[in-house]
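**Q** Pasting query_13.txt below, which is compact mmCIF, C-alpha atoms.
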# COMPACT_ATOMS: atom_id res chain seq x y z
CA MET A 1 348.92 5.07 -1.46
CA GLY A 2 349.90 8.51 -0.32
CA TYR A 3 349.13 12.17 -0.47
CA ALA A 4 350.98 15.48 -0.39
CA GLU A 5 351.38 17.46 2.78
CA ARG A 6 351.02 21.25 2.87
CA ASP A 7 354.80 21.65 2.91
CA GLY A 8 355.33 19.47 -0.16
CA ASN A 9 356.20 16.31 1.78
CA VAL A 10 354.45 13.08 0.88
CA LEU A 11 353.10 10.80 3.60
CA ARG A 12 352.30 7.29 2.42
CA LEU A 13 351.72 3.67 3.26
CA GLN A 14 353.83 1.07 1.50
CA GLU A 15 353.13 -2.64 1.76
CA VAL A 16 356.13 -4.48 3.20
CA ASP A 17 357.57 -6.96 0.72
CA THR A 18 358.91 -10.31 1.90
CA LYS A 19 362.46 -9.22 1.12
CA GLU A 20 361.99 -6.27 3.52
CA LYS A 21 361.22 -8.42 6.59
CA ASP A 22 364.53 -7.50 8.20
CA VAL A 23 363.80 -3.79 7.83
CA LEU A 24 360.44 -4.29 9.56
CA HIS A 25 362.10 -6.28 12.35
CA ASN A 26 364.66 -3.47 12.75
CA ILE A 27 362.10 -0.68 13.11
CA MET A 28 360.07 -2.88 15.45
CA GLN A 29 363.00 -2.76 17.87
CA PHE A 30 362.24 0.94 18.41
CA TYR A 31 358.56 0.13 18.88
CA ILE A 32 359.30 -2.57 21.45
CA TYR A 33 361.70 -0.22 23.24
CA GLU A 34 359.00 2.47 23.49
CA PHE A 35 356.38 -0.11 24.50
CA SER A 36 358.62 -1.51 27.25
CA ARG A 37 357.77 1.52 29.42
CA TYR A 38 354.19 0.18 29.64
CA ILE A 39 355.09 -3.50 30.11
CA PRO A 40 358.07 -3.78 32.46
CA ILE A 41 358.58 -7.50 31.79
CA ILE A 42 359.85 -6.66 28.30
CA LYS A 43 363.62 -6.96 28.54
CA LEU A 44 366.58 -7.06 26.19
CA GLU A 45 367.78 -10.48 25.10
CA PRO A 46 371.43 -11.47 25.82
CA ASN A 47 372.37 -10.29 22.29
CA GLY A 48 371.29 -6.72 23.14
CA SER A 49 368.08 -6.65 21.11
CA PHE A 50 364.46 -7.32 21.97
CA LYS A 51 362.90 -10.66 21.10
CA PRO A 52 361.48 -10.23 17.59
CA PHE A 53 357.80 -10.66 16.81
CA ASN A 54 356.78 -13.63 14.68
CA LEU A 55 355.66 -11.85 11.51
CA ASP A 56 355.30 -14.87 9.20
CA LYS A 57 351.50 -14.53 8.94
CA TYR A 58 351.91 -11.18 7.18
CA TRP A 59 353.36 -12.95 4.15
CA VAL A 60 351.35 -16.18 4.38
CA GLU A 61 347.79 -15.28 5.32
CA ASP A 62 345.65 -13.39 2.80
CA ASN A 63 344.00 -11.18 5.44
CA CYS A 64 347.21 -9.96 7.15
CA TYR A 65 349.00 -6.84 5.97
CA ALA A 66 352.26 -5.20 6.99
CA TYR A 67 352.79 -1.58 5.96
CA PHE A 68 355.69 0.82 6.24
CA ILE A 69 354.77 4.43 6.95
CA LYS A 70 356.98 6.79 4.97
CA LEU A 71 357.40 10.54 4.83
CA ASN A 72 358.92 11.17 1.44
CA GLU A 73 361.43 8.29 1.37
CA GLU A 74 362.11 8.28 5.12
CA LEU A 75 360.76 5.30 7.04
CA ILE A 76 358.91 6.80 10.03
CA GLY A 77 356.75 3.90 11.24
CA PHE A 78 354.73 0.83 10.47
CA ALA A 79 351.25 -0.67 10.80
CA LEU A 80 350.25 -4.32 11.08
CA VAL A 81 346.63 -5.00 10.12
CA GLU A 82 344.40 -8.07 10.08
CA SER A 83 341.44 -7.50 7.80
CA SER A 84 338.07 -8.98 8.64
CA LEU A 85 337.09 -12.52 7.84
CA GLU A 86 333.32 -13.05 7.75
CA LEU A 87 332.09 -12.16 11.26
CA ASN A 88 335.39 -10.74 12.58
CA SER A 89 336.41 -7.10 12.63
CA ASN A 90 339.44 -5.45 11.07
CA ILE A 91 342.16 -5.10 13.70
CA ILE A 92 345.25 -2.94 13.96
CA GLN A 93 347.65 -5.33 15.64
CA GLU A 94 350.52 -2.86 15.97
CA PHE A 95 350.89 0.79 14.97
CA PHE A 96 353.98 2.94 15.36
CA ILE A 97 355.20 6.40 14.41
CA MET A 98 358.76 7.31 15.44
CA SER A 99 358.65 9.76 18.34
CA LYS A 100 360.41 12.53 16.39
CA HIS A 101 357.41 12.52 14.02
CA SER A 102 354.64 12.21 16.60
CA GLY A 103 352.31 15.13 17.13
CA ASN A 104 352.31 16.11 13.45
CA GLY A 105 349.02 14.40 12.56
CA TYR A 106 350.73 11.66 10.55
CA GLY A 107 349.28 8.86 12.67
CA LYS A 108 345.74 10.19 12.22
CA ARG A 109 346.15 10.49 8.46
CA ILE A 110 347.62 7.01 8.13
CA ALA A 111 344.91 5.49 10.36
CA ARG A 112 342.23 7.11 8.19
CA GLU A 113 343.91 5.62 5.12
CA LEU A 114 343.95 2.17 6.74
CA PHE A 115 340.24 2.50 7.56
CA SER A 116 339.61 3.38 3.91
CA ILE A 117 341.73 0.51 2.51
CA HIS A 118 340.05 -2.04 4.81
CA PRO A 119 336.40 -0.91 5.11
CA GLY A 120 333.87 -2.41 7.51
CA ASP A 121 333.90 -3.18 11.21
CA TRP A 122 336.96 -2.28 13.27
CA LYS A 123 338.20 -3.22 16.71
CA ILE A 124 341.07 -1.17 18.17
CA THR A 125 342.69 -2.04 21.51
CA GLN A 126 345.14 -0.35 23.87
CA ILE A 127 346.64 -1.70 27.07
CA GLU A 128 345.56 0.12 30.22
CA ASN A 129 348.98 1.64 30.97
CA ASN A 130 349.44 3.14 27.50
CA GLU A 131 347.52 6.37 28.03
CA PRO A 132 348.95 8.15 24.95
CA ALA A 133 347.68 5.35 22.69
CA TYR A 134 344.30 5.33 24.44
CA TYR A 135 343.81 9.08 24.00
CA PHE A 136 345.06 8.97 20.38
CA TRP A 137 342.75 6.15 19.28
CA ARG A 138 339.71 7.17 21.34
CA GLY A 139 339.98 10.76 20.11
CA LEU A 140 340.42 9.79 16.47
CA ILE A 141 337.63 7.22 16.51
CA ASN A 142 335.27 9.65 18.26
CA GLU A 143 336.14 12.32 15.69
CA ILE A 144 335.73 10.23 12.55
CA SER A 145 332.65 8.34 13.77
CA ASN A 146 330.93 11.41 15.20
CA GLY A 147 330.72 9.51 18.49
CA GLU A 148 329.19 6.41 16.87
CA PHE A 149 331.39 3.77 18.48
CA LYS A 150 331.29 1.34 21.38
CA GLU A 151 333.95 1.29 24.06
CA ARG A 152 334.65 -1.11 26.90
CA PHE A 153 337.42 -2.09 29.28
CA GLU A 154 338.20 -5.81 29.44
CA ASP A 155 341.16 -7.83 30.70
CA GLY A 156 343.42 -4.79 31.09
CA GLU A 157 342.60 -3.36 27.65
CA PHE A 158 340.48 -0.51 26.34
CA ILE A 159 338.55 -1.64 23.26
CA GLN A 160 336.80 0.60 20.74
CA GLU A 161 334.54 -0.84 18.04
CA PHE A 162 333.07 1.03 15.09
CA ASN A 163 332.21 0.72 11.41
CA THR A 164 333.84 2.79 8.68
CA GLU A 165 330.42 3.52 7.15
CA VAL A 166 330.02 6.22 9.82
CA ILE A 167 333.37 7.89 9.03
CA LYS A 168 333.11 11.52 8.13
CA ASP A 169 335.76 13.20 6.01
For this file, write the structure as structure tokens.
**A**
Amino acid sequence: MGYAERDGNVLRLQEVDTKEKDVLHNIMQFYIYEFSRYIPIIKLEPNGSFKPFNLDKYWVEDNCYAYFIKLNEELIGFALVESSLELNSNIIQEFFIMSKHSGNGYGKRIARELFSIHPGDWKITQIENNEPAYYFWRGLINEISNGEFKERFEDGEFIQEFNTEVIKD
């Protein structure tokens, strides 16, 4: 998984191996820190770190995938995906690109790759306060689906639903 950038850099997804759980937990600290601006109840634990996510399902359940996002060999983010089971949609549970790499189109390219790896119906959500995520996902989904998606606001979240069959390259 990966492709060359115009400047010779390679952007790629790499599945997280069980032995790399700690690395994923470490980078998730940056994600939680950034996310804490949208959810003020997120606070540091007494040990100085944020409470870690329970990630066990990503190594136990067949439809759950954890990916590192790398630029060359540098770890620049991660994506947690639950692929569809029968009537359910694919879901991006968490998605993160380090802020120093945001705005370069990496998130869009990685999201497109995830949509390709896990074809079918998708459901993407963003909390109401996270306007950058809302505009990122809504814009990308509108672009790739040529406007063929459903959107609603429910329980403090924006939700977009679409199918990858409508994706244009």
**Q** Can you tell me, as a PDB file with C-alpha atoms, in the frame of the given file, what residues are no more than 12 Å from Asn26 in chain A when counting only C-alpha atoms, ignoring any on the same chain fewer than 6 positions away?
**A**
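The resulting part_10.pdb:
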ATOM      1  CA  GLU A  20     361.990  -6.270   3.520  1.00  0.00           C
ATOM      2  CA  ILE A  32     359.300  -2.570  21.450  1.00  0.00           C
ATOM      3  CA  TYR A  33     361.700  -0.220  23.240  1.00  0.00           C
ATOM      4  CA  SER A  49     368.080  -6.650  21.110  1.00  0.00           C
ATOM      5  CA  PHE A  50     364.460  -7.320  21.970  1.00  0.00           C
ATOM      6  CA  LYS A  51     362.900 -10.660  21.100  1.00  0.00           C
ATOM      7  CA  PRO A  52     361.480 -10.230  17.590  1.00  0.00           C
ATOM      8  CA  PHE A  53     357.800 -10.660  16.810  1.00  0.00           C
ATOM      9  CA  PHE A  68     355.690   0.820   6.240  1.00  0.00           C
ATOM     10  CA  LEU A  75     360.760   5.300   7.040  1.00  0.00           C
ATOM     11  CA  GLY A  77     356.750   3.900  11.240  1.00  0.00           C
ATOM     12  CA  PHE A  78     354.730   0.830  10.470  1.00  0.00           C
TER      13      PHE A  78
END
**Q** Give me, as a PDB file with C-alpha atoms, keeping the file's coordinate frame, all polymer residues having an atom no more than 12 Å from Thr164 in chain A, counting all atoms listed in the file and skipping those fewer than 5 positions away in the same chain.
**A**
ATOM      1  CA  SER A  89     336.410  -7.100  12.630  1.00  0.00           C
ATOM      2  CA  ASN A  90     339.440  -5.450  11.070  1.00  0.00           C
ATOM      3  CA  ALA A 111     344.910   5.490  10.360  1.00  0.00           C
ATOM      4  CA  ARG A 112     342.230   7.110   8.190  1.00  0.00           C
ATOM      5  CA  GLU A 113     343.910   5.620   5.120  1.00  0.00           C
ATOM      6  CA  LEU A 114     343.950   2.170   6.740  1.00  0.00           C
ATOM      7  CA  PHE A 115     340.240   2.500   7.560  1.00  0.00           C
ATOM      8  CA  SER A 116     339.610   3.380   3.910  1.00  0.00           C
ATOM      9  CA  ILE A 117     341.730   0.510   2.510  1.00  0.00           C
ATOM     10  CA  HIS A 118     340.050  -2.040   4.810  1.00  0.00           C
ATOM     11  CA  PRO A 119     336.400  -0.910   5.110  1.00  0.00           C
ATOM     12  CA  GLY A 120     333.870  -2.410   7.510  1.00  0.00           C
ATOM     13  CA  ASP A 121     333.900  -3.180  11.210  1.00  0.00           C
ATOM     14  CA  TRP A 122     336.960  -2.280  13.270  1.00  0.00           C
ATOM     15  CA  LYS A 123     338.200  -3.220  16.710  1.00  0.00           C
ATOM     16  CA  ILE A 141     337.630   7.220  16.510  1.00  0.00           C
ATOM     17  CA  ASN A 142     335.270   9.650  18.260  1.00  0.00           C
ATOM     18  CA  ILE A 144     335.730  10.230  12.550  1.00  0.00           C
ATOM     19  CA  SER A 145     332.650   8.340  13.770  1.00  0.00           C
ATOM     20  CA  ASN A 146     330.930  11.410  15.200  1.00  0.00           C
ATOM     21  CA  GLU A 148     329.190   6.410  16.870  1.00  0.00           C
ATOM     22  CA  PHE A 149     331.390   3.770  18.480  1.00  0.00           C
ATOM     23  CA  ASP A 169     335.760  13.200   6.010  1.00  0.00           C
TER      24      ASP A 169
END
**Q** Set the distance at 10 Å and use all atoms listed in the file: which residues neighbour Phe96 in chain A once local chain neighbours fewer than 6 positions away are removed? I'd like the list as a short mmCIF file (atom, residue, chain, number, x, y, z; two decimals) with C-alpha atoms, keeping the file's coordinate frame.
**A**
data_model
loop_
_atom_site.label_atom_id
_atom_site.label_comp_id
_atom_site.auth_asym_id
_atom_site.auth_seq_id
_atom_site.Cartn_x
_atom_site.Cartn_y
_atom_site.Cartn_z
CA ILE A 27 362.10 -0.68 13.11
CA MET A 28 360.07 -2.88 15.45
CA PHE A 30 362.24 0.94 18.41
CA TYR A 31 358.56 0.13 18.88
CA ILE A 32 359.30 -2.57 21.45
CA GLU A 34 359.00 2.47 23.49
CA PHE A 35 356.38 -0.11 24.50
CA PHE A 68 355.69 0.82 6.24
CA ILE A 69 354.77 4.43 6.95
CA ILE A 76 358.91 6.80 10.03
CA GLY A 77 356.75 3.90 11.24
CA PHE A 78 354.73 0.83 10.47
CA ALA A 79 351.25 -0.67 10.80
CA LEU A 80 350.25 -4.32 11.08
CA SER A 102 354.64 12.21 16.60
CA GLY A 107 349.28 8.86 12.67
CA ALA A 133 347.68 5.35 22.69
#
**Q** Looking at A:Asn63, A:Thr125, A:Gln29, A:Asn88, which one is nearest to Ile159 in chain A, with distances taken over all atoms listed in the file?
**A** A:Thr125
**Q** Could you please determine the separation between CA of Gly139 in chain A and CA of Glu165 in chain A in Å, to one decimal place?
**A** 17.7 Å
**Q** So how many Å separate CA of Val23 in chain A and CA of Ala66 in chain A, to one decimal?
**A**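 Taking CA of Val23 in chain A as the start and CA of Ala66 in chain A as the end point, the length is 11.7 Å.
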**Q** Calculate how many Å separate CA of Glu157 in chain A from CA of Arg138 in chain A, rounding to one decimal.
**A**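 For CA of Glu157 in chain A relative to CA of Arg138 in chain A, the distance reads 12.6 Å.
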**Q** What's around Tyr65 in chain A at 12 Å? Count all atoms listed in the file, leave out sequence neighbours fewer than 2 positions away in its own chain, and write the answer as a count of residues only.
**A** 33
